[in-house]
Each structure stands twice: as structure tokens, then as C-alpha cells.
>>> print(open('structure_18.tsv').read())   # TSV, C-alpha atoms
chain	number	residue	atom	x	y	z
A	1	MET	CA	170.29	-0.02	114.50
A	2	SER	CA	171.61	3.08	112.88
A	3	HIS	CA	169.74	5.53	110.73
A	4	LYS	CA	170.47	7.92	107.94
A	5	LEU	CA	169.02	11.37	107.90
A	6	GLU	CA	169.33	13.36	104.68
A	7	ILE	CA	168.50	17.03	104.40
A	8	LYS	CA	168.41	17.80	100.70
A	9	ARG	CA	168.58	21.44	99.65
A	10	VAL	CA	165.73	22.38	101.91
A	11	SER	CA	164.16	25.86	101.93
A	12	LYS	CA	161.31	27.24	103.96
A	13	SER	CA	159.69	30.67	104.03
A	14	PHE	CA	157.09	32.26	106.25
A	15	LYS	CA	155.19	35.14	104.68
A	16	LYS	CA	157.86	35.70	102.04
A	17	HIS	CA	160.55	35.73	104.70
A	18	GLU	CA	163.03	32.98	103.92
A	19	VAL	CA	163.93	31.25	107.17
A	20	ILE	CA	165.76	28.25	105.76
A	21	ASN	CA	167.75	28.65	102.59
A	22	GLU	CA	168.90	25.56	100.67
A	23	ILE	CA	170.28	23.71	103.64
A	24	ASP	CA	171.93	20.47	102.64
A	25	PHE	CA	173.67	17.90	104.84
A	26	ASN	CA	173.49	14.27	105.97
A	27	VAL	CA	173.89	12.62	109.33
A	28	GLU	CA	174.33	8.89	109.68
A	29	GLY	CA	174.67	6.67	112.70
A	30	ASN	CA	174.32	6.95	116.43
A	31	LYS	CA	175.72	10.35	117.15
A	32	ILE	CA	175.14	13.37	119.28
A	33	VAL	CA	174.80	16.22	116.83
A	34	GLY	CA	175.02	19.83	117.96
A	35	LEU	CA	173.01	22.29	115.92
A	36	ILE	CA	174.37	25.71	116.69
A	37	GLY	CA	173.22	29.09	115.53
A	38	ARG	CA	172.38	32.47	116.95
A	39	ASN	CA	168.87	33.54	117.83
A	40	GLY	CA	166.80	33.64	114.67
A	41	ALA	CA	169.27	31.56	112.66
A	42	GLY	CA	166.51	29.09	111.78
A	43	LYS	CA	167.33	26.29	114.24
A	44	THR	CA	163.77	25.63	115.38
A	45	THR	CA	162.38	25.75	111.85
A	46	LEU	CA	165.02	23.35	110.60
A	47	LEU	CA	164.36	20.94	113.45
A	48	SER	CA	160.61	20.99	113.01
A	49	LEU	CA	161.14	20.23	109.32
A	50	ILE	CA	163.33	17.28	110.30
A	51	ALA	CA	160.64	16.09	112.71
A	52	GLY	CA	158.05	16.26	109.91
A	53	LEU	CA	155.99	18.86	111.76
A	54	LYS	CA	156.27	21.33	108.89
A	55	GLN	CA	156.56	20.89	105.16
A	56	SER	CA	159.49	22.38	103.30
A	57	ASP	CA	158.83	24.67	100.31
A	58	GLN	CA	161.69	23.18	98.38
A	59	GLY	CA	163.91	20.16	98.79
A	60	GLU	CA	163.11	17.25	101.03
A	61	ILE	CA	164.17	15.50	104.18
A	62	THR	CA	164.42	11.74	104.24
A	63	LEU	CA	165.05	9.20	106.95
A	64	ASP	CA	166.52	5.93	105.71
A	65	GLY	CA	165.60	6.94	102.17
A	66	GLU	CA	161.94	7.86	102.73
A	67	PRO	CA	160.53	11.36	103.11
A	68	ILE	CA	159.55	12.14	106.69
A	69	PHE	CA	156.72	14.57	106.09
A	70	GLU	CA	153.29	12.93	106.27
A	71	ASN	CA	154.92	9.55	106.64
A	72	GLN	CA	153.61	7.78	109.71
A	73	SER	CA	156.34	5.17	109.98
A	74	ARG	CA	159.10	7.77	109.65
A	75	MET	CA	157.57	10.33	111.96
A	76	GLN	CA	157.26	7.61	114.57
A	77	GLN	CA	161.06	7.35	114.58
A	78	VAL	CA	161.59	11.00	115.33
A	79	MET	CA	160.76	12.82	118.54
A	80	PHE	CA	160.90	16.59	118.78
A	81	LEU	CA	161.04	18.24	122.19
A	82	SER	CA	160.83	21.97	122.65
A	83	ASP	CA	159.81	24.55	125.16
A	84	SER	CA	156.62	25.51	123.37
A	85	GLN	CA	153.49	25.47	125.50
A	86	ARG	CA	151.34	22.39	125.50
A	87	ASP	CA	148.05	21.67	127.17
A	88	GLN	CA	148.43	23.47	130.49
A	89	SER	CA	145.75	21.50	132.31
A	90	LEU	CA	147.43	18.12	131.90
A	91	LYS	CA	149.19	16.66	134.89
A	92	VAL	CA	152.76	15.43	134.66
A	93	ARG	CA	151.55	11.86	135.19
A	94	GLU	CA	149.10	12.25	132.28
A	95	MET	CA	151.86	13.55	130.04
A	96	LEU	CA	153.89	10.45	130.86
A	97	ASP	CA	150.90	8.16	130.19
A	98	MET	CA	150.17	9.84	126.89
A	99	THR	CA	153.76	9.62	125.73
A	100	GLU	CA	153.90	5.96	126.75
A	101	THR	CA	150.88	5.29	124.51
A	102	PHE	CA	152.40	6.91	121.46
A	103	ARG	CA	156.02	5.87	121.78
A	104	PRO	CA	156.70	2.15	121.35
A	105	ASN	CA	160.15	2.23	123.00
A	106	PHE	CA	159.03	4.26	126.00
A	107	ASP	CA	160.65	2.94	129.19
A	108	ARG	CA	158.41	3.74	132.14
A	109	ILE	CA	160.87	2.60	134.80
A	110	TYR	CA	163.54	4.85	133.36
A	111	ALA	CA	161.02	7.70	133.12
A	112	ASP	CA	160.20	7.34	136.81
A	113	GLU	CA	163.90	7.37	137.68
A	114	LEU	CA	164.34	10.53	135.66
A	115	ILE	CA	161.36	12.15	137.37
A	116	LYS	CA	163.24	11.62	140.63
A	117	THR	CA	166.56	12.78	139.21
A	118	PHE	CA	165.00	16.05	138.13
A	119	ASN	CA	162.86	16.45	141.26
A	120	LEU	CA	159.56	16.59	139.41
A	121	SER	CA	156.20	15.91	140.97
A	122	THR	CA	153.92	13.76	138.83
A	123	LYS	CA	150.83	15.18	140.56
A	124	LYS	CA	151.39	18.73	139.42
A	125	SER	CA	149.72	20.09	136.34
A	126	MET	CA	151.76	21.70	133.58
A	127	SER	CA	150.60	25.17	134.55
A	128	GLU	CA	152.01	24.69	138.05
A	129	LEU	CA	155.50	23.91	136.80
A	130	SER	CA	158.26	26.49	136.70
A	131	LYS	CA	160.06	27.10	133.41
A	132	GLY	CA	162.96	24.94	134.54
A	133	MET	CA	160.63	22.11	135.57
A	134	ARG	CA	158.80	22.23	132.24
A	135	SER	CA	162.17	21.94	130.51
A	136	ALA	CA	163.07	19.01	132.73
A	137	LEU	CA	159.82	17.25	131.86
A	138	GLN	CA	160.58	17.60	128.15
A	139	VAL	CA	163.97	16.07	128.82
A	140	VAL	CA	162.39	13.17	130.72
A	141	LEU	CA	159.93	12.49	127.91
A	142	GLY	CA	162.65	12.71	125.25
A	143	LEU	CA	165.09	10.44	127.02
A	144	ALA	CA	162.57	7.81	128.17
A	145	SER	CA	160.88	7.56	124.76
A	146	ARG	CA	164.09	6.24	123.22
A	147	ALA	CA	163.04	7.36	119.76
A	148	PRO	CA	165.78	6.54	117.22
A	149	ILE	CA	166.09	10.25	116.39
A	150	THR	CA	165.66	12.43	119.47
A	151	ILE	CA	165.64	16.16	118.94
A	152	PHE	CA	165.97	18.61	121.82
A	153	ASP	CA	165.34	22.15	120.68
A	154	GLU	CA	167.00	24.28	123.35
A	155	VAL	CA	164.78	22.80	126.04
A	156	TYR	CA	167.61	23.01	128.57
A	157	THR	CA	168.04	26.76	128.32
A	158	GLY	CA	165.33	27.18	130.96
A	159	MET	CA	167.17	24.98	133.43
A	160	ASP	CA	169.66	26.19	136.01
A	161	ALA	CA	173.31	25.16	135.64
A	162	PRO	CA	173.31	22.12	137.98
A	163	THR	CA	170.18	20.76	136.29
A	164	ARG	CA	171.72	21.24	132.85
A	165	LYS	CA	174.75	19.29	134.01
A	166	LYS	CA	172.42	16.46	135.10
A	167	PHE	CA	170.85	16.55	131.67
A	168	TYR	CA	174.21	16.37	129.88
A	169	ASN	CA	175.24	13.38	132.01
A	170	GLU	CA	171.97	11.59	131.29
A	171	VAL	CA	172.41	12.10	127.55
A	172	LEU	CA	175.95	10.69	127.72
A	173	ASP	CA	174.82	7.71	129.80
A	174	GLU	CA	171.90	7.03	127.47
A	175	GLN	CA	174.15	7.26	124.45
A	176	ALA	CA	176.46	4.67	126.01
A	177	GLU	CA	173.65	2.26	126.92
A	178	HIS	CA	171.02	2.88	124.25
A	179	PRO	CA	172.87	4.47	121.34
A	180	ARG	CA	170.81	6.57	118.98
A	181	MET	CA	170.86	9.87	117.14
A	182	PHE	CA	170.45	12.94	119.29
A	183	ILE	CA	170.18	16.39	117.79
A	184	LEU	CA	170.64	19.18	120.33
A	185	SER	CA	170.23	22.76	119.24
A	186	THR	CA	171.93	25.37	121.36
A	187	HIS	CA	173.62	28.69	121.62
A	188	LEU	CA	175.36	27.62	124.85
A	189	VAL	CA	178.28	26.50	122.76
A	190	SER	CA	181.15	26.58	125.23
A	191	GLU	CA	179.11	24.73	127.81
A	192	MET	CA	177.93	21.94	125.55
A	193	ASP	CA	180.57	21.43	122.89
A	194	TYR	CA	182.09	18.46	124.71
A	195	LEU	CA	178.90	16.47	124.14
A	196	PHE	CA	178.95	16.62	120.36
A	197	ASP	CA	180.25	14.06	117.90
A	198	GLU	CA	179.25	16.27	114.99
A	199	ILE	CA	178.40	19.90	114.66
A	200	VAL	CA	176.09	21.69	112.26
A	201	MET	CA	176.44	25.46	112.30
A	202	ILE	CA	173.79	27.60	110.65
A	203	HIS	CA	173.52	31.34	110.20
A	204	GLN	CA	170.70	33.39	108.72
A	205	GLY	CA	169.01	30.31	107.34
A	206	LYS	CA	172.11	28.96	105.64
A	207	LEU	CA	174.44	26.13	106.46
A	208	LEU	CA	177.83	27.50	107.55
A	209	LEU	CA	179.65	24.36	108.59
A	210	HIS	CA	179.05	20.69	109.14
A	211	ASP	CA	181.83	18.50	110.44
A	212	GLU	CA	183.02	16.20	113.17
A	213	TYR	CA	183.99	17.72	116.50
A	214	GLU	CA	187.70	17.23	116.09
A	215	ALA	CA	187.78	18.66	112.57
A	216	MET	CA	185.87	21.68	113.86
A	217	THR	CA	188.49	22.40	116.48
A	218	LEU	CA	191.16	22.49	113.77
A	219	LYS	CA	189.34	24.93	111.52
A	220	GLY	CA	190.53	28.06	113.23
A	221	GLN	CA	193.88	29.07	114.67
A	222	THR	CA	195.16	32.01	116.62
A	223	VAL	CA	198.55	33.42	115.72
A	224	ILE	CA	200.20	35.50	118.41
A	225	GLY	CA	203.51	37.35	118.30
A	226	GLU	CA	205.27	40.47	117.15
A	227	ALA	CA	202.80	42.45	115.05
A	228	ASN	CA	204.77	42.63	111.78
A	229	ALA	CA	205.69	38.97	111.85
A	230	VAL	CA	202.06	38.06	112.53
A	231	ASP	CA	200.81	40.25	109.68
A	232	GLN	CA	203.28	38.65	107.31
A	233	PHE	CA	202.36	35.15	108.40
A	234	VAL	CA	198.62	35.63	108.00
A	235	SER	CA	198.71	37.52	104.71
A	236	GLY	CA	196.54	35.79	102.15
A	237	LYS	CA	194.61	33.93	104.85
A	238	LYS	CA	191.05	34.53	105.93
A	239	VAL	CA	191.24	36.67	109.04
A	240	LEU	CA	188.32	36.37	111.45
A	241	ASN	CA	189.50	38.61	114.22
A	242	GLU	CA	192.41	40.83	115.21
A	243	GLN	CA	193.52	42.13	118.56
A	244	ARG	CA	196.49	44.22	119.45
A	245	LEU	CA	198.28	44.77	122.72
A	246	GLY	CA	201.25	47.12	122.29
A	247	PRO	CA	203.78	45.44	119.99
A	248	THR	CA	201.99	42.10	120.23
A	249	LYS	CA	199.22	41.07	117.93
A	250	SER	CA	196.80	38.20	118.05
A	251	VAL	CA	195.01	37.19	114.87
A	252	THR	CA	192.38	34.51	114.46
A	253	ILE	CA	192.51	32.88	111.05
A	254	TYR	CA	190.17	30.45	109.37
A	255	GLY	CA	191.56	27.34	107.75
A	256	GLU	CA	194.00	24.63	108.67
A	257	LEU	CA	197.77	25.07	108.76
A	258	SER	CA	200.21	22.74	107.06
A	259	GLU	CA	203.09	21.24	109.01
A	260	GLU	CA	205.43	23.47	106.99
A	261	GLU	CA	203.52	26.56	108.07
A	262	ARG	CA	203.67	25.47	111.68
A	263	GLN	CA	207.43	25.03	111.46
A	264	LYS	CA	207.73	28.46	109.89
A	265	ALA	CA	205.67	29.98	112.70
A	266	LYS	CA	207.88	28.32	115.28
A	267	LYS	CA	211.02	29.73	113.67
A	268	GLN	CA	209.54	33.22	113.75
A	269	GLU	CA	208.60	32.75	117.40
A	270	LEU	CA	204.91	32.95	116.68
A	271	GLU	CA	202.59	31.13	118.99
A	272	ILE	CA	199.87	29.06	117.31
A	273	GLY	CA	196.80	28.15	119.30
A	274	ASN	CA	193.51	26.40	118.71
A	275	VAL	CA	190.26	28.29	118.50
A	276	SER	CA	187.40	27.02	120.60
A	277	LEU	CA	184.15	26.15	118.91
A	278	GLN	CA	182.55	29.04	120.77
A	279	ASP	CA	185.05	31.57	119.37
A	280	LEU	CA	184.79	30.11	115.90
A	281	PHE	CA	181.03	30.42	116.15
A	282	ILE	CA	181.19	34.03	117.32
A	283	HIS	CA	183.66	35.09	114.64
A	284	LEU	CA	181.90	33.29	111.80
A	285	THR	CA	178.50	34.66	112.71
A	286	GLY	CA	179.64	38.24	112.94
A	287	GLY	CA	181.02	39.26	116.28
A	288	GLU	CA	179.67	39.59	119.79
A	289	ALA	CA	177.51	36.66	120.89
B	1	MET	CA	186.42	20.93	135.58
B	2	ARG	CA	187.48	21.76	132.08
B	3	ARG	CA	189.15	24.94	133.30
B	4	ASP	CA	191.66	22.82	135.21
B	5	PHE	CA	193.57	22.04	132.08
B	6	ASP	CA	196.63	23.99	130.96
B	7	GLU	CA	196.28	25.95	127.77
B	8	GLY	CA	199.76	25.11	126.59
B	9	LYS	CA	199.48	21.35	126.33
B	10	PRO	CA	197.10	19.20	124.29
B	11	ILE	CA	194.21	18.16	126.51
B	12	PHE	CA	194.34	14.50	125.49
B	13	GLN	CA	197.90	14.40	126.81
B	14	GLN	CA	196.81	15.88	130.12
B	15	VAL	CA	194.03	13.30	130.42
B	16	ARG	CA	196.59	10.60	129.84
B	17	GLU	CA	198.95	12.07	132.42
B	18	ARG	CA	196.23	12.22	135.05
B	19	ILE	CA	195.51	8.53	134.62
B	20	GLU	CA	199.24	7.84	134.74
B	21	ASP	CA	199.51	9.84	137.97
B	22	GLN	CA	196.81	7.75	139.56
B	23	ILE	CA	198.67	4.58	138.66
B	24	VAL	CA	202.02	5.89	139.90
B	25	ASN	CA	200.39	7.06	143.17
B	26	ASN	CA	198.73	3.69	143.70
B	27	GLN	CA	195.26	5.20	143.52
B	28	LEU	CA	194.72	2.83	140.63
B	29	LYS	CA	196.38	-0.52	141.15
B	30	GLU	CA	197.25	-3.19	138.62
B	31	GLY	CA	194.14	-5.16	137.75
B	32	ASP	CA	191.85	-2.32	138.89
B	33	GLN	CA	189.16	-1.06	136.58
B	34	ALA	CA	190.09	2.33	135.13
B	35	PRO	CA	187.43	5.01	134.68
B	36	SER	CA	185.41	4.56	131.50
B	37	THR	CA	185.58	7.02	128.64
B	38	ASN	CA	182.10	8.17	129.51
B	39	GLN	CA	183.03	8.81	133.14
B	40	LEU	CA	186.04	10.82	132.04
B	41	VAL	CA	183.91	12.83	129.60
B	42	GLN	CA	181.40	13.63	132.32
B	43	PHE	CA	183.98	14.42	134.97
B	44	TYR	CA	186.31	16.62	132.96
B	45	GLU	CA	183.66	17.93	130.54
B	46	ILE	CA	185.82	17.28	127.56
B	47	ASN	CA	184.88	15.66	124.30
B	48	HIS	CA	184.72	11.93	123.90
B	49	VAL	CA	187.20	12.11	120.97
B	50	THR	CA	189.74	13.90	123.15
B	51	VAL	CA	189.39	11.41	125.99
B	52	ALA	CA	189.63	8.45	123.60
B	53	LYS	CA	192.85	9.83	122.14
B	54	GLY	CA	194.52	9.93	125.55
B	55	VAL	CA	193.17	6.58	126.69
B	56	ASN	CA	194.07	4.83	123.43
B	57	GLN	CA	197.69	5.86	123.81
B	58	LEU	CA	197.74	4.16	127.19
B	59	VAL	CA	196.21	1.07	125.63
B	60	ASP	CA	198.78	1.09	122.81
B	61	GLU	CA	201.60	1.26	125.34
B	62	GLY	CA	200.21	-1.60	127.38
B	63	ILE	CA	199.40	0.52	130.43
B	64	LEU	CA	195.68	-0.15	130.14
B	65	PHE	CA	193.87	-2.99	128.44
B	66	LYS	CA	190.32	-3.39	127.24
B	67	LYS	CA	188.03	-6.22	128.24
B	68	ARG	CA	185.23	-6.45	125.75
B	69	GLY	CA	181.93	-5.32	127.18
B	70	VAL	CA	183.39	-4.82	130.64
B	71	GLY	CA	185.69	-1.84	130.43
B	72	MET	CA	189.26	-0.73	130.80
B	73	PHE	CA	191.73	-2.17	133.30
B	74	VAL	CA	195.22	-1.38	134.56
B	75	ALA	CA	197.67	-3.84	133.05
B	76	GLU	CA	200.17	-5.98	134.90
B	77	GLY	CA	203.49	-4.14	135.16
B	78	ALA	CA	201.87	-0.80	134.31
B	79	LYS	CA	203.31	0.99	137.29
B	80	SER	CA	206.92	-0.11	136.80
B	81	LYS	CA	206.67	0.84	133.11
B	82	LEU	CA	205.45	4.31	134.01
B	83	VAL	CA	208.03	4.75	136.74
B	84	GLN	CA	210.79	3.77	134.33
B	85	LYS	CA	209.47	6.20	131.73
B	86	ARG	CA	209.36	9.01	134.23
B	87	ARG	CA	212.84	8.20	135.52
B	88	ASP	CA	214.10	8.47	131.96
B	89	ALA	CA	212.45	11.86	131.64
B	90	PHE	CA	213.46	13.08	135.09
B	91	MET	CA	216.78	14.51	133.90
B	92	ASP	CA	215.23	16.50	131.04
B	93	ASN	CA	212.08	17.60	132.82
B	94	TYR	CA	213.42	18.46	136.24
B	95	VAL	CA	217.19	18.37	136.63
B	96	SER	CA	218.21	20.28	133.50
B	97	PRO	CA	215.84	23.22	134.05
B	98	MET	CA	216.93	23.40	137.67
B	99	VAL	CA	220.62	23.48	136.77
B	100	GLN	CA	219.98	26.11	134.09
B	101	GLU	CA	218.09	28.32	136.48
B	102	ALA	CA	220.76	27.82	139.15
B	103	GLU	CA	223.42	28.96	136.68
B	104	LYS	CA	221.45	32.11	135.91
B	105	LEU	CA	221.23	32.87	139.60
B	106	ALA	CA	224.83	31.83	140.32
B	107	ILE	CA	223.78	29.19	142.81
B	108	GLU	CA	226.64	26.77	143.27
B	109	GLU	CA	226.44	23.02	143.31
B	110	LYS	CA	227.16	22.85	147.01
B	111	GLU	CA	224.35	25.23	147.77
B	112	MET	CA	221.97	23.26	145.57
B	113	LEU	CA	222.79	20.07	147.41
B	114	LYS	CA	222.19	21.85	150.68
B	115	LEU	CA	218.76	22.94	149.49
B	116	ILE	CA	217.89	19.45	148.35
B	117	ARG	CA	218.87	18.01	151.72
B	118	LYS	CA	216.88	20.66	153.48
B	119	ILE	CA	213.75	19.68	151.57
B	120	LYS	CA	214.39	16.01	152.15
B	121	ARG	CA	214.56	16.58	155.88
B	122	GLY	CA	211.38	18.56	155.77
B	123	GLU	CA	213.01	21.60	157.29
B	124	GLU	CA	211.62	23.84	154.59
B	125	ASN	CA	208.67	26.00	155.59
B	126	GLU	CA	205.38	24.58	154.46
B	127	SER	CA	204.68	27.60	152.32
>>> encode(input="structure_18.tsv", output="C-alpha cells")
Amino acid sequence: MSHKLEIKRVSKSFKKHEVINEIDFNVEGNKIVGLIGRNGAGKTTLLSLIAGLKQSDQGEITLDGEPIFENQSRMQQVMFLSDSQRDQSLKVREMLDMTETFRPNFDRIYADELIKTFNLSTKKSMSELSKGMRSALQVVLGLASRAPITIFDEVYTGMDAPTRKKFYNEVLDEQAEHPRMFILSTHLVSEMDYLFDEIVMIHQGKLLLHDEYEAMTLKGQTVIGEANAVDQFVSGKKVLNEQRLGPTKSVTIYGELSEEERQKAKKQELEIGNVSLQDLFIHLTGGEA
Amino acid sequence: MRRDFDEGKPIFQQVRERIEDQIVNNQLKEGDQAPSTNQLVQFYEINHVTVAKGVNQLVDEGILFKKRGVGMFVAEGAKSKLVQKRRDAFMDNYVSPMVQEAEKLAIEEKEMLKLIRKIKRGEENES
């Protein structure tokens, strides 16, 4: 079954500081959605609003047409996993038991498999787990619960690279076997972009972009060649970045190119290249990541 | 894995060529199950859309075929089709550039033939 999540002009402030500013987008269907933004962009706040853990000041968020906040049946569909500290005295086994009680689709056999995959000990208490292990436990709970909307808020950033790779593979396998909507927030863009069907990019509380993966990769282009020819070609276009090496210039522009423009570039011996999501992200959110 | 791909060529095309290579080299035989999209995504760390683009071209050309709910398989006659296609492209992709380069370096036909024979006989140094 596929679900529709609508974020309708949502704003949220904390102590007069506006963290989320009129964010508006929809996601429908079983997709892996990447929410990308720099530190402090508002990712966690947006996700906790989607999970119904906080109330928006303005606008609303609905799941299949009904508001999520204070709505038992809707909140049940959404699971939010983050790195925030929980009850430190609980043992891993107790966390699994508790989650099994609250989540109707929880698959205990799969959870036990995942516990092995991530080398977790069920006898340990939360306080005895390393940061990476705590992250792994969140991943286990999120995957095994099979909630229709599963949100991972940067849980994997505490994991080492091989463990993250295991996580990515599990998400892809799960999506193939038990399709649902995953929302993964991250700033590890170049490492994770291959997972995403759709990407939501936010910056300083505002929505920058929302599109499918392929469309995103076409949004930016690099133009490389003799400096004057490059300047002429990009005039009137939105320039995100410029680099110069002697007589050669490389310019990153925002916006798609028509076939005509591509032909023209070819004639002038200009090289046109794609811009990775990571570079697009860096340039659109103001330089150095 | 992703870093293995050339910058200059669309990645979906390179995915497609790698599957083709496996068929031409007999690593994947006719009737064998081809790797699933998901396996390719995980192995190469490239997006599902990109993989699907490459794989779908092979399906359209009758190199691979889909069995519903089971997966993707190498079609009957896939290898001979690919070999024929590559033979057709051999002149453009290999012979022409070689002849052009030879002309630049003033290497004569006789000498080229000699070199080819040398390689064929395996007399060339390994390096």
C-alpha cells in the first residue's frame, strides 16, 4: 500500500527563532527520499514535525489526507529514529521487546538477523553501547518495525564506513522486499545519493529543491573551455561557481541546457559536464561544505 | 566501486557494457540469471534509475529478458548478437584510430602487420 505525505506551508519557531519557514512539498508512494541540508538547516525539526512529535506553528502535515499531529492512527504509521539519548538503563533486548509491543508490523526474526548483521549484543544496556552501536540499534528498530513511513534522522553518521555500507544495503534490500517510504536525512551527500529516488534540499529553514534523482542530476552543468568562449556561453545564466586555470575556465551553471545550446557548446569546443548532487548542494548552500 | 567509472561516458552505458562484457566472456551464459537491479545498485553504488536505464536497453535489444517475479535472464542468441555488434564497431573503435595514429607516427603497413603478428605470438613483453 502506498501513502501520501503532504507538507503544507509549514513553519516552526523556537523562542522567536524561525527554524522552518513555509516549507511545502508532497511525497507519494514507496520511495527512498533523501532530505539534505547543512548543519542547522532544520532537518531534524522538519522530520519531527512529520513524525507528529512536534506541532507546527503554521501550516499542517497530513498523511493520506489526515493531519498527523495528535492523531493516533496516523502517528502509528510513522516511525522516527534519531541519535537522541533514550533511557540509558534499558537493555538492547528490552528495547526490542518494547518496540515489538508498539509496532504492529514488527518482525522479530528479521530484527534478530539484523542484530547479528550489526554485531550487537542484546544483553548490553544502552549506556554500555558505543555511539556506532547505538546508531546500529536505531537502524535495527527502524528496519524491523516496517512502519509505512520510516524516518532515519542521520542515525548512521555515528557508524563507521563499513557499517554504513551494511545499512545502505539493508535499506535497498528492504525496499525491494517490503516497499515503503523511507526518509533519510543526511549531509553525507556523495556517499548516499545513489540510494535516493527523490531528494528534498533545505537551507536555513527553507525548501531549496525537491525533485526526482535524475532531474536533480540535470539541474547543474559545468562548462569548461577557453575562458572567453566560456564567459560568452554562460552569460545570462545563473553561475554557481567559477574556477580558472591559466587560459582555461570552468564554470558551474544552474539550469538545464537545451539541445541547441549543447550543439553550440560542441561547436565552440566547450566541454559540458554534469554536476554531482554533492557539488550542487555545496554551491546552492553557499560554498565550502 | 563508483569511482571505477569513466567520467567521459554516461554511467548507464558503462553498466550496460559491463553486463555485455560478461556475456561475451561467457561469465554469463545464455539462460543464466543476470544480476538484479538491486544487486547492481549495491555493487556499483549507483542510483537505481541509472542502473535501470542501462538494463532496460539490454532488454529492449533482446539481450536480456524479464521473468515476472523471478528476475532478469540472458536471452537465447544474446552472445552472437553482441559479438556481431562489436564486430561491426571494431573498424570504427579500434582499427581506424590505430591507422590514424600510425600515420601520425609514420609507421608503415608492413611494420603494423609485424607488430600484430608479434602480439599474436605472444612475443611481446608482458608489460
>>> atom_distance(input="structure_18.tsv", atom1="atom CA of A:Asp97", atom2="atom CA of A:Gly142")
13.5 Å
>>> atom_distance(input="structure_18.tsv", atom1="atom CA of A:Glu214", atom2="atom CA of A:Met181")
18.4 Å
>>> atom_distance(input="structure_18.tsv", atom1="atom CA of A:Glu66", atom2="atom CA of A:Ile7")
11.4 Å
>>> closest_atom_pairs(input="structure_18.tsv", of="chain B", to="chain A", cutoff="9 Å", atoms="only C-alpha atoms", output="Markdown table")
| residue | atom | partner | partner_atom | distance |
| --- | --- | --- | --- | --- |
| B:Glu7 | CA | A:Gly273 | CA | 8.8 |
| B:Gly8 | CA | A:Gly273 | CA | 8.4 |
| B:Asn38 | CA | A:Leu172 | CA | 6.9 |
| B:Gln39 | CA | A:Asp173 | CA | 8.9 |
| B:Val41 | CA | A:Tyr194 | CA | 7.7 |
| B:Gln42 | CA | A:Asn169 | CA | 6.2 |
| B:Glu45 | CA | A:Tyr194 | CA | 6.1 |
| B:Ile46 | CA | A:Tyr194 | CA | 4.8 |
| B:Asn47 | CA | A:Tyr194 | CA | 4.0 |
| B:His48 | CA | A:Tyr194 | CA | 7.1 |
| B:Val49 | CA | A:Glu214 | CA | 7.1 |
| B:Thr50 | CA | A:Glu214 | CA | 8.1 |
>>> residues_around(input="structure_18.tsv", residues="stretch 232-241 of chain A", least_positions_apart="3", cutoff="12 Å", atoms="only C-alpha atoms", output="PyMOL selection string")
chain A and resi 219-229+244+249-257+261-272+275+279-288
>>> closest_residue(input="structure_18.tsv", among="B:Asn56, B:Gln22, B:Ser96, B:Gln33", to="B:Leu82", atoms="only C-alpha atoms")
B:Gln22
>>> closest_residue(input="structure_18.tsv", among="A:Ile202, A:His187, A:Ser145, A:Ile61", to="A:Thr101", atoms="all atoms listed in the file")
A:Ser145
>>> residues_around(input="structure_18.tsv", residues="B:Glu17", least_positions_apart="6", cutoff="10 Å", atoms="all atoms listed in the file", output="NGL selection string")
:B and (11 or 23 or 54-55 or 58)
>>> closest_residue(input="structure_18.tsv", among="B:Val24, B:Ile119, B:Arg18, B:Gly71", to="B:Thr37", atoms="only C-alpha atoms")
B:Gly71
